[in-house]
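**Q** entry08.pdb is reproduced below (PDB, C-alpha atoms, pLDDT in the B column).
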```pdb
ATOM      1  CA  MET A   1     150.246 201.097 162.907  1.00 43.00           C
ATOM      2  CA  LYS A   2     149.676 197.981 165.029  1.00 47.00           C
ATOM      3  CA  ASP A   3     152.810 196.144 166.246  1.00 57.00           C
ATOM      4  CA  MET A   4     155.089 199.129 165.801  1.00 90.00           C
ATOM      5  CA  VAL A   5     157.740 200.270 168.273  1.00 92.00           C
ATOM      6  CA  ILE A   6     157.963 204.026 168.806  1.00 92.00           C
ATOM      7  CA  THR A   7     160.206 206.164 170.989  1.00 92.00           C
ATOM      8  CA  LEU A   8     158.722 208.736 173.375  1.00 91.00           C
ATOM      9  CA  GLY A   9     161.444 210.652 175.152  1.00 90.00           C
ATOM     10  CA  THR A  10     163.990 207.988 176.021  1.00 93.00           C
ATOM     11  CA  ASP A  11     161.456 205.168 176.387  1.00 95.00           C
ATOM     12  CA  LYS A  12     160.351 202.669 173.758  1.00 95.00           C
ATOM     13  CA  TRP A  13     156.698 201.704 173.390  1.00 94.00           C
ATOM     14  CA  LEU A  14     154.926 199.031 171.369  1.00 93.00           C
ATOM     15  CA  VAL A  15     151.691 200.179 169.722  1.00 93.00           C
ATOM     16  CA  VAL A  16     149.411 197.188 170.306  1.00 91.00           C
ATOM     17  CA  ALA A  17     146.052 198.658 169.313  1.00 93.00           C
ATOM     18  CA  GLU A  18     144.569 201.677 167.606  1.00 95.00           C
ATOM     19  CA  THR A  19     140.992 202.941 167.442  1.00 96.00           C
ATOM     20  CA  VAL A  20     138.987 205.988 166.418  1.00 96.00           C
ATOM     21  CA  TYR A  21     136.583 207.543 168.934  1.00 96.00           C
ATOM     22  CA  ASN A  22     134.706 210.808 168.295  1.00 95.00           C
ATOM     23  CA  ASP A  23     136.741 211.339 165.115  1.00 96.00           C
ATOM     24  CA  GLU A  24     140.032 211.184 167.046  1.00 96.00           C
ATOM     25  CA  THR A  25     142.644 208.428 166.911  1.00 97.00           C
ATOM     26  CA  TYR A  26     143.845 206.696 170.084  1.00 97.00           C
ATOM     27  CA  ASP A  27     146.664 204.172 170.561  1.00 96.00           C
ATOM     28  CA  TYR A  28     147.246 201.664 173.355  1.00 94.00           C
ATOM     29  CA  LEU A  29     150.960 201.491 174.167  1.00 94.00           C
ATOM     30  CA  VAL A  30     152.957 198.954 176.162  1.00 92.00           C
ATOM     31  CA  LYS A  31     156.484 199.838 177.266  1.00 93.00           C
ATOM     32  CA  VAL A  32     159.349 197.644 176.047  1.00 93.00           C
ATOM     33  CA  ASN A  33     162.991 197.524 177.078  1.00 92.00           C
ATOM     34  CA  GLN A  34     165.678 199.290 175.038  1.00 92.00           C
ATOM     35  CA  ASP A  35     166.536 196.066 173.155  1.00 91.00           C
ATOM     36  CA  GLU A  36     162.837 195.709 172.233  1.00 90.00           C
ATOM     37  CA  ASP A  37     162.822 192.077 173.318  1.00 88.00           C
ATOM     38  CA  GLU A  38     160.924 192.320 176.617  1.00 89.00           C
ATOM     39  CA  ILE A  39     157.546 193.798 177.494  1.00 89.00           C
ATOM     40  CA  LEU A  40     157.510 195.872 180.695  1.00 91.00           C
ATOM     41  CA  ASP A  41     154.613 196.647 183.056  1.00 88.00           C
ATOM     42  CA  ASP A  42     153.946 200.235 181.934  1.00 92.00           C
ATOM     43  CA  LYS A  43     150.952 200.856 179.691  1.00 93.00           C
ATOM     44  CA  LYS A  44     149.264 204.018 178.460  1.00 95.00           C
ATOM     45  CA  VAL A  45     146.598 205.335 176.153  1.00 97.00           C
ATOM     46  CA  VAL A  46     147.556 208.257 173.943  1.00 97.00           C
ATOM     47  CA  LYS A  47     145.647 210.499 171.570  1.00 98.00           C
ATOM     48  CA  VAL A  48     147.320 210.793 168.179  1.00 96.00           C
ATOM     49  CA  ILE A  49     147.537 214.371 166.920  1.00 96.00           C
ATOM     50  CA  MET A  50     148.582 215.264 163.375  1.00 92.00           C
ATOM     51  CA  ASP A  51     149.895 218.805 162.876  1.00 93.00           C
ATOM     52  CA  ASN A  52     151.404 219.964 159.578  1.00 94.00           C
ATOM     53  CA  GLY A  53     152.289 216.391 158.645  1.00 90.00           C
ATOM     54  CA  GLU A  54     153.953 215.721 161.994  1.00 91.00           C
ATOM     55  CA  LYS A  55     152.601 213.100 164.374  1.00 90.00           C
ATOM     56  CA  TYR A  56     152.349 213.856 168.105  1.00 93.00           C
ATOM     57  CA  MET A  57     151.000 211.801 170.995  1.00 95.00           C
ATOM     58  CA  ASP A  58     149.304 213.140 174.091  1.00 96.00           C
ATOM     59  CA  GLU A  59     148.736 210.803 177.061  1.00 96.00           C
ATOM     60  CA  VAL A  60     145.056 210.443 177.956  1.00 97.00           C
ATOM     61  CA  THR A  61     144.331 210.936 181.665  1.00 96.00           C
ATOM     62  CA  ASP A  62     140.655 211.952 181.455  1.00 96.00           C
ATOM     63  CA  GLY A  63     138.700 209.130 183.110  1.00 94.00           C
ATOM     64  CA  ASP A  64     135.583 209.674 180.999  1.00 94.00           C
ATOM     65  CA  ILE A  65     137.521 209.345 177.755  1.00 95.00           C
ATOM     66  CA  LEU A  66     139.397 206.302 179.068  1.00 95.00           C
ATOM     67  CA  LYS A  67     136.118 204.579 180.021  1.00 92.00           C
ATOM     68  CA  ASN A  68     135.007 204.863 176.399  1.00 93.00           C
ATOM     69  CA  VAL A  69     138.310 204.304 174.604  1.00 95.00           C
ATOM     70  CA  VAL A  70     139.860 201.416 176.580  1.00 93.00           C
ATOM     71  CA  PRO A  71     137.055 198.935 175.733  1.00 91.00           C
ATOM     72  CA  LEU A  72     137.591 199.763 172.057  1.00 93.00           C
ATOM     73  CA  LEU A  73     141.350 199.260 172.344  1.00 92.00           C
ATOM     74  CA  VAL A  74     141.216 196.262 174.695  1.00 88.00           C
ATOM     75  CA  PRO A  75     137.782 194.618 174.364  1.00 86.00           C
ATOM     76  CA  GLU A  76     138.550 192.192 177.209  1.00 81.00           C
ATOM     77  CA  ALA A  77     138.593 195.155 179.631  1.00 71.00           C
ATOM     78  CA  LYS A  78     134.983 196.155 178.949  1.00 68.00           C
ATOM     79  CA  LYS A  79     133.397 193.766 181.457  1.00 66.00           C
ATOM     80  CA  TYR A  80     135.632 195.105 184.257  1.00 65.00           C
ATOM     81  CA  ILE A  81     134.974 198.738 183.393  1.00 64.00           C
ATOM     82  CA  THR A  82     131.212 198.282 183.298  1.00 68.00           C
ATOM     83  CA  ASN A  83     131.194 195.922 186.309  1.00 64.00           C
ATOM     84  CA  PRO A  84     134.051 196.961 188.640  1.00 66.00           C
ATOM     85  CA  GLU A  85     132.944 194.420 191.249  1.00 70.00           C
ATOM     86  CA  LEU A  86     134.342 191.745 188.902  1.00 66.00           C
ATOM     87  CA  LEU A  87     137.877 193.021 189.493  1.00 62.00           C
ATOM     88  CA  SER A  88     138.093 190.612 192.433  1.00 69.00           C
ATOM     89  CA  GLU A  89     138.173 187.798 189.826  1.00 67.00           C
ATOM     90  CA  LEU A  90     141.628 188.970 188.778  1.00 58.00           C
ATOM     91  CA  LYS A  91     143.238 188.271 192.164  1.00 54.00           C
TER      92      LYS A  91
END
```
Would you mind writing the file out in C-alpha coordinates?
**A**
Amino acid sequence: MKDMVITLGTDKWLVVAETVYNDETYDYLVKVNQDEDEILDDKKVVKVIMDNGEKYMDEVTDGDILKNVVPLLVPEAKKYITNPELLSELK
(Lines of atoms letter the chains of each structure in order from A and count residues from 1; the text may use other names and numbers.)
(Lines give C-alpha, C1' and ligand atoms only; values in the text may rest on other atoms or scores of the structure.)
Protein backbone atom coordinates (compact mmCIF):
# COMPACT_ATOMS: atom_id res chain seq x y z
CA MET A 1 0.00 0.00 0.00
CA LYS A 2 2.95 2.33 0.64
CA ASP A 3 3.75 4.86 -2.13
CA MET A 4 0.32 4.68 -3.70
CA VAL A 5 -1.71 7.65 -4.91
CA ILE A 6 -5.42 7.53 -4.10
CA THR A 7 -8.28 9.92 -4.83
CA LEU A 8 -10.56 11.14 -2.04
CA GLY A 9 -13.29 13.35 -3.41
CA THR A 10 -11.50 15.51 -5.95
CA ASP A 11 -8.15 15.50 -4.14
CA LYS A 12 -5.22 13.16 -4.68
CA TRP A 13 -3.28 11.75 -1.73
CA LEU A 14 -0.05 9.78 -1.48
CA VAL A 15 -0.13 6.94 1.06
CA VAL A 16 3.29 7.25 2.69
CA ALA A 17 2.88 4.92 5.66
CA GLU A 18 0.54 2.29 7.01
CA THR A 19 0.30 0.69 10.44
CA VAL A 20 -1.98 -1.50 12.52
CA TYR A 21 -3.06 -0.29 15.97
CA ASN A 22 -5.63 -2.12 18.13
CA ASP A 23 -6.39 -4.45 15.21
CA GLU A 24 -7.30 -1.52 12.94
CA THR A 25 -5.35 -0.25 9.94
CA TYR A 26 -4.30 3.41 9.68
CA ASP A 27 -2.69 5.27 6.77
CA TYR A 28 -0.69 8.51 6.76
CA LEU A 29 -1.60 10.55 3.68
CA VAL A 30 0.11 13.54 2.08
CA LYS A 31 -1.79 15.60 -0.49
CA VAL A 32 -0.34 15.85 -4.00
CA ASN A 33 -1.30 18.07 -6.92
CA GLN A 34 -3.53 16.78 -9.73
CA ASP A 35 -0.49 15.93 -11.91
CA GLU A 36 0.93 13.88 -9.00
CA ASP A 37 4.31 15.54 -9.36
CA GLU A 38 4.29 17.89 -6.36
CA ILE A 39 3.70 17.28 -2.67
CA LEU A 40 1.43 19.84 -0.98
CA ASP A 41 1.25 20.88 2.69
CA ASP A 42 -1.91 18.96 3.64
CA LYS A 43 -1.50 15.76 5.63
CA LYS A 44 -3.96 13.47 7.37
CA VAL A 45 -4.30 10.19 9.19
CA VAL A 46 -7.15 7.94 8.13
CA LYS A 47 -8.57 4.69 9.44
CA VAL A 48 -8.99 2.08 6.72
CA ILE A 49 -12.37 0.34 6.83
CA MET A 50 -13.18 -2.74 4.74
CA ASP A 51 -16.88 -3.40 4.14
CA ASN A 52 -18.10 -6.14 1.79
CA GLY A 53 -14.82 -6.04 -0.13
CA GLU A 54 -14.94 -2.26 -0.52
CA LYS A 55 -12.28 -0.05 1.03
CA TYR A 56 -13.28 3.17 2.83
CA MET A 57 -11.21 5.75 4.68
CA ASP A 58 -12.32 7.78 7.67
CA GLU A 59 -10.20 10.75 8.79
CA VAL A 60 -8.94 10.39 12.36
CA THR A 61 -9.56 13.47 14.52
CA ASP A 62 -9.53 11.83 17.97
CA GLY A 63 -6.45 13.21 19.74
CA ASP A 64 -5.94 10.10 21.88
CA ILE A 65 -5.85 7.83 18.84
CA LEU A 66 -3.55 10.24 16.98
CA LYS A 67 -1.11 10.32 19.92
CA ASN A 68 -0.75 6.55 19.62
CA VAL A 69 -0.94 6.12 15.85
CA VAL A 70 1.23 9.01 14.57
CA PRO A 71 4.44 7.72 16.24
CA LEU A 72 3.84 4.36 14.55
CA LEU A 73 3.29 6.00 11.17
CA VAL A 74 5.98 8.68 11.52
CA PRO A 75 8.51 7.50 14.14
CA GLU A 76 10.37 10.83 13.99
CA ALA A 77 7.30 12.54 15.50
CA LYS A 78 7.37 10.49 18.72
CA LYS A 79 9.86 12.70 20.57
CA TYR A 80 7.72 15.80 19.90
CA ILE A 81 4.49 14.11 20.96
CA THR A 82 5.95 12.82 24.21
CA ASN A 83 7.94 16.03 24.85
CA PRO A 84 5.96 18.96 23.38
CA GLU A 85 8.46 21.45 24.81
CA LEU A 86 10.86 20.26 22.08
CA LEU A 87 8.63 21.77 19.40
CA SER A 88 10.62 25.00 19.79
CA GLU A 89 13.53 23.14 18.13
CA LEU A 90 11.57 23.14 14.87
CA LYS A 91 11.50 26.94 14.55
**Q** So that I can check the surroundings of Leu29 in chain A, please list as a list in words every protein, DNA and RNA residue that reaches within 9 Å of it, counting all atoms listed in the file and ignoring chain neighbours fewer than 5 positions away.
**A**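 Using all atoms listed in the file, the neighbours found are Trp13, Leu14, Val15, Val16, Ala17, Asp42, Lys43, Lys44, Val45 and Val46 of chain A.
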**Q** If we count all atoms listed in the file and set the cut-off at 12 Å, which residues sit around range 6-10 of chain A, ignoring sequence neighbours fewer than 6 positions away in its own chain? Please answer as a list in words.
**A** Val16, Asp27, Tyr28, Leu29, Val30, Lys31, Val32, Asn33, Gln34, Glu36, Lys44, Val46, Lys55, Tyr56, Met57, Asp58 and Glu59 of chain A
**Q** Could you tell me how far CA of Asp41 in chain A sits from CA of Val20 in chain A, in Å to one decimal place?
**A**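 It comes out at 24.7 Å.
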**Q** So what do you get for CA of Tyr21 in chain A versus CA of Asn52 in chain A, distance-wise?
**A** 21.5 Å
**Q** Restricting the calculation to all atoms listed in the file, which member of A:Glu38, A:Gly53, A:Asn22, A:Val48 is positioned closest to Asn68 in chain A?
**A**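 Of all the options, A:Asn22 lies closest to Asn68 in chain A.
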**Q** Separation of CA of Gly63 in chain A and CA of Tyr26 in chain A, in Å?
**A**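 If I compute the distance from CA of Gly63 in chain A to CA of Tyr26 in chain A, I get 14.2 Å.
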